[in-house]
$ cat target_18.pdb   # PDB, C-alpha atoms, pLDDT in the B column
MODEL        1
ATOM      1  CA  MET F  72      30.476  22.955 233.977  1.00 57.00           C
ATOM      2  CA  ALA F  73      29.146  24.011 230.565  1.00 57.00           C
ATOM      3  CA  GLU F  74      26.861  27.040 230.342  1.00 58.00           C
ATOM      4  CA  PRO F  75      23.213  25.884 230.065  1.00 57.00           C
ATOM      5  CA  GLN F  76      21.438  26.573 226.803  1.00 52.00           C
ATOM      6  CA  SER F  77      19.293  29.729 226.928  1.00 54.00           C
ATOM      7  CA  TYR F  78      15.500  29.588 226.793  1.00 50.00           C
ATOM      8  CA  GLU F  79      15.578  31.660 223.618  1.00 51.00           C
ATOM      9  CA  SER F  80      17.526  29.113 221.609  1.00 55.00           C
ATOM     10  CA  ALA F  81      16.328  25.959 223.352  1.00 55.00           C
ATOM     11  CA  LEU F  82      12.607  26.669 223.485  1.00 54.00           C
ATOM     12  CA  ASP F  83      11.832  29.049 220.615  1.00 53.00           C
ATOM     13  CA  ALA F  84      12.165  26.159 218.169  1.00 56.00           C
ATOM     14  CA  ILE F  85       9.314  24.353 219.949  1.00 54.00           C
ATOM     15  CA  PRO F  86       5.921  26.013 219.318  1.00 50.00           C
ATOM     16  CA  GLY F  87       4.206  27.089 222.527  1.00 45.00           C
ATOM     17  CA  SER F  88       7.165  26.334 224.776  1.00 51.00           C
ATOM     18  CA  HIS F  89       8.468  29.836 225.490  1.00 57.00           C
ATOM     19  CA  PRO F  90       8.385  30.473 229.261  1.00 69.00           C
ATOM     20  CA  TYR F  91       6.027  33.438 228.737  1.00 68.00           C
ATOM     21  CA  PRO F  92       3.373  33.854 226.045  1.00 68.00           C
ATOM     22  CA  ARG F  93       3.782  36.656 223.489  1.00 69.00           C
ATOM     23  CA  SER F  94       1.037  38.642 225.251  1.00 68.00           C
ATOM     24  CA  SER F  95       2.947  38.624 228.565  1.00 73.00           C
ATOM     25  CA  ARG F  96       4.817  41.664 229.820  1.00 72.00           C
ATOM     26  CA  TYR F  97       7.744  39.297 230.442  1.00 70.00           C
ATOM     27  CA  HIS F  98       7.902  37.768 226.959  1.00 72.00           C
ATOM     28  CA  ASP F  99      10.746  40.022 225.856  1.00 74.00           C
ATOM     29  CA  ALA F 100      12.422  40.176 229.266  1.00 75.00           C
ATOM     30  CA  GLU F 101      15.940  38.837 229.356  1.00 80.00           C
ATOM     31  CA  ILE F 102      16.448  35.485 231.078  1.00 80.00           C
ATOM     32  CA  GLY F 103      19.462  35.410 233.366  1.00 83.00           C
ATOM     33  CA  ILE F 104      21.297  32.456 234.830  1.00 85.00           C
ATOM     34  CA  HIS F 105      22.585  32.379 238.395  1.00 90.00           C
ATOM     35  CA  THR F 106      24.963  29.577 239.310  1.00 92.00           C
ATOM     36  CA  GLN F 107      24.557  28.371 242.876  1.00 94.00           C
ATOM     37  CA  PRO F 108      27.641  27.475 244.945  1.00 96.00           C
ATOM     38  CA  ASP F 109      27.107  23.796 244.152  1.00 97.00           C
ATOM     39  CA  GLY F 110      27.194  24.570 240.404  1.00 93.00           C
ATOM     40  CA  THR F 111      23.433  24.262 239.834  1.00 92.00           C
ATOM     41  CA  PRO F 112      22.248  26.829 237.274  1.00 89.00           C
ATOM     42  CA  VAL F 113      19.047  28.686 238.164  1.00 86.00           C
ATOM     43  CA  ARG F 114      17.251  30.656 235.460  1.00 82.00           C
ATOM     44  CA  TYR F 115      15.436  33.874 236.371  1.00 83.00           C
ATOM     45  CA  VAL F 116      13.778  36.802 234.626  1.00 81.00           C
ATOM     46  CA  LYS F 117      15.974  39.880 234.769  1.00 83.00           C
ATOM     47  CA  ARG F 118      14.506  43.168 235.923  1.00 79.00           C
ATOM     48  CA  ARG F 119      12.111  44.738 233.455  1.00 71.00           C
ATOM     49  CA  LEU F 120      12.590  48.512 233.307  1.00 70.00           C
ATOM     50  CA  LEU F 121       9.978  50.844 231.874  1.00 67.00           C
ATOM     51  CA  PRO F 122      10.814  53.695 229.531  1.00 66.00           C
ATOM     52  CA  PRO F 123      10.126  57.184 230.925  1.00 66.00           C
ATOM     53  CA  ILE F 124       6.499  58.273 230.621  1.00 64.00           C
ATOM     54  CA  SER F 125       6.362  61.185 228.211  1.00 62.00           C
ATOM     55  CA  ALA F 126       3.699  63.883 228.299  1.00 55.00           C
ATOM     56  CA  ASN F 127       2.136  63.010 224.936  1.00 57.00           C
ATOM     57  CA  PRO F 128       3.780  60.059 223.201  1.00 62.00           C
ATOM     58  CA  GLU F 129       2.785  59.575 219.587  1.00 67.00           C
ATOM     59  CA  GLY F 130      -0.139  57.217 219.119  1.00 70.00           C
ATOM     60  CA  THR F 131      -1.346  57.573 222.716  1.00 81.00           C
ATOM     61  CA  ALA F 132      -5.057  58.076 223.282  1.00 89.00           C
ATOM     62  CA  THR F 133      -6.881  58.947 226.471  1.00 92.00           C
ATOM     63  CA  HIS F 134      -9.685  57.094 228.189  1.00 95.00           C
ATOM     64  CA  THR F 135     -12.079  58.541 230.751  1.00 97.00           C
ATOM     65  CA  VAL F 136     -12.630  55.970 233.479  1.00 97.00           C
ATOM     66  CA  SER F 137     -16.238  54.952 234.174  1.00 96.00           C
ATOM     67  CA  GLY F 138     -17.514  53.510 237.428  1.00 94.00           C
ATOM     68  CA  GLY F 139     -17.084  49.743 237.670  1.00 95.00           C
ATOM     69  CA  GLU F 140     -14.311  49.469 235.074  1.00 96.00           C
ATOM     70  CA  ARG F 141     -11.316  47.288 235.820  1.00 96.00           C
ATOM     71  CA  PRO F 142      -7.884  47.090 234.181  1.00 96.00           C
ATOM     72  CA  ASP F 143      -8.796  43.789 232.512  1.00 95.00           C
ATOM     73  CA  HIS F 144     -11.879  45.422 230.959  1.00 95.00           C
ATOM     74  CA  LEU F 145      -9.628  48.049 229.387  1.00 96.00           C
ATOM     75  CA  GLY F 146      -7.183  45.417 228.145  1.00 94.00           C
ATOM     76  CA  GLN F 147     -10.053  43.628 226.404  1.00 94.00           C
ATOM     77  CA  ARG F 148     -11.535  46.836 225.020  1.00 94.00           C
ATOM     78  CA  TYR F 149      -8.348  48.295 223.577  1.00 94.00           C
ATOM     79  CA  PHE F 150      -6.210  45.253 222.809  1.00 92.00           C
ATOM     80  CA  GLY F 151      -8.721  42.416 222.497  1.00 91.00           C
ATOM     81  CA  ASP F 152      -7.065  40.611 225.417  1.00 89.00           C
ATOM     82  CA  PRO F 153      -7.952  41.127 229.093  1.00 92.00           C
ATOM     83  CA  ALA F 154      -4.410  40.076 230.029  1.00 88.00           C
ATOM     84  CA  ALA F 155      -3.033  43.097 228.103  1.00 89.00           C
ATOM     85  CA  TRP F 156      -3.963  45.493 230.931  1.00 92.00           C
ATOM     86  CA  TRP F 157      -0.247  45.750 231.726  1.00 90.00           C
ATOM     87  CA  ARG F 158       0.322  47.774 228.532  1.00 90.00           C
ATOM     88  CA  ILE F 159      -2.023  50.439 229.904  1.00 93.00           C
ATOM     89  CA  ALA F 160      -0.429  50.273 233.364  1.00 91.00           C
ATOM     90  CA  ASP F 161       3.005  50.766 231.786  1.00 88.00           C
ATOM     91  CA  ALA F 162       1.773  53.932 230.045  1.00 89.00           C
ATOM     92  CA  ASN F 163       0.523  55.520 233.288  1.00 89.00           C
ATOM     93  CA  PRO F 164       2.318  56.467 236.513  1.00 85.00           C
ATOM     94  CA  VAL F 165       0.766  53.791 238.753  1.00 86.00           C
ATOM     95  CA  LEU F 166       2.327  51.147 240.970  1.00 81.00           C
ATOM     96  CA  ASP F 167      -0.862  49.141 241.501  1.00 89.00           C
ATOM     97  CA  PRO F 168      -2.912  48.479 238.322  1.00 90.00           C
ATOM     98  CA  ARG F 169      -6.132  48.974 240.325  1.00 93.00           C
ATOM     99  CA  GLU F 170      -5.157  52.658 240.535  1.00 94.00           C
ATOM    100  CA  LEU F 171      -5.919  52.908 236.803  1.00 94.00           C
ATOM    101  CA  THR F 172      -9.669  52.588 237.364  1.00 96.00           C
ATOM    102  CA  ALA F 173     -10.036  53.654 241.004  1.00 95.00           C
ATOM    103  CA  GLU F 174     -11.377  57.148 240.233  1.00 95.00           C
ATOM    104  CA  PRO F 175     -14.320  57.488 237.806  1.00 96.00           C
ATOM    105  CA  GLY F 176     -13.797  60.545 235.618  1.00 96.00           C
ATOM    106  CA  GLU F 177      -9.995  60.210 235.702  1.00 95.00           C
ATOM    107  CA  GLU F 178      -8.281  60.322 232.315  1.00 95.00           C
ATOM    108  CA  ILE F 179      -5.652  57.683 231.681  1.00 95.00           C
ATOM    109  CA  ALA F 180      -3.281  57.121 228.772  1.00 92.00           C
ATOM    110  CA  ILE F 181      -3.926  54.265 226.360  1.00 93.00           C
ATOM    111  CA  PRO F 182      -0.775  53.410 224.385  1.00 89.00           C
ATOM    112  CA  GLY F 183      -0.975  53.118 220.607  1.00 81.00           C
ATOM    113  CA  GLY F 184      -1.247  49.804 218.869  1.00 63.00           C
ATOM    114  CA  PHE F 185      -4.775  48.844 219.843  1.00 54.00           C
ATOM    115  CA  PRO F 186      -7.064  47.527 217.077  1.00 54.00           C
ATOM    116  CA  GLY F 187      -8.481  50.457 215.136  1.00 42.00           C
ATOM    117  CA  GLY F 188      -6.410  52.697 217.363  1.00 41.00           C
ATOM    118  CA  GLY F 189      -4.393  55.771 216.809  1.00 38.00           C
ATOM    119  CA  GLY F 190      -4.862  59.013 218.639  1.00 37.00           C
ATOM    120  CA  GLY F 191      -8.095  60.453 219.864  1.00 37.00           C
ATOM    121  CA  ARG F 192     -10.395  60.171 222.827  1.00 38.00           C
ATOM    122  CA  HIS F 193     -11.989  56.947 223.931  1.00 41.00           C
ATOM    123  CA  GLY F 194     -14.522  56.718 226.721  1.00 40.00           C
ATOM    124  CA  ARG F 195     -17.933  55.397 227.480  1.00 37.00           C
TER     125      ARG F 195
ENDMDL
END
$ encode --input "target_18.pdb" --output "structure tokens"
Amino acid sequence: MAEPQSYESALDAIPGSHPYPRSSRYHDAEIGIHTQPDGTPVRYVKRRLLPPISANPEGTATHTVSGGERPDHLGQRYFGDPAAWWRIADANPVLDPRELTAEPGEEIAIPGGFPGGGGGRHGR
């Protein structure tokens, strides 16, 4: 049986048809293909590994958490997209994104690349 065409080559030519939008944490994840015993190919997203968290990566700012904030609020504030909260979660040592905003007064890392961003302190 011939190898199925990858999502990258089959779908990238069609606007809006990529399996994950550009803002998704999985957009750049590699798509794997598992062939079942009956020969049926099954596509899946391969494991997405995070780079090590460094103490002070260039372009990282800090944010002091205020009461009532949520990860999606921070995604909107720093990246103009509430779905971009995952970028902040990736820059901090948390398993559950709710841990980012659980403790008012806690300082969390905000990765570079946000509009008007750079280094510096950001808080309310």
$ closest_residue --input "target_18.pdb" --among "F:Pro112, F:Gly139, F:Gly151, F:Gly130" --to "F:Ala180" --atoms "only C-alpha atoms"
F:Gly130
$ resolve_selection --input "target_18.pdb" --expression "the PyMOL selection byres ((chain F and resi 160-174) around 10)" --output "count of residues only"
35
$ atom_distance --input "target_18.pdb" --atom1 "atom CA of F:Ile102" --atom2 "atom CA of F:Arg114"
6.6 Å
$ atom_distance --input "target_18.pdb" --atom1 "atom CA of F:Phe150" --atom2 "atom CA of F:Ser95"
12.7 Å
$ residues_near_point --input "target_18.pdb" --point "(12.9, 34.5, 237.1)" --cutoff "9 Å" --atoms "only C-alpha atoms" --output "list in words"
Ile102, Gly103, Ile104, Val113, Arg114, Tyr115, Val116, Lys117 and Arg118 of chain F
$ atom_distance --input "target_18.pdb" --atom1 "atom CA of F:Ala100" --atom2 "atom CA of F:Arg148"
25.2 Å
$ axis_aligned_box --input "target_18.pdb" --around "stretch 134-153 of chain F" --padding-each-side "5 Å" --output "AutoDock Vina command-line options"
--center_x -11.9 --center_y 49.6 --center_z 230.1 --size_x 21.3 --size_y 27.9 --size_z 25.2
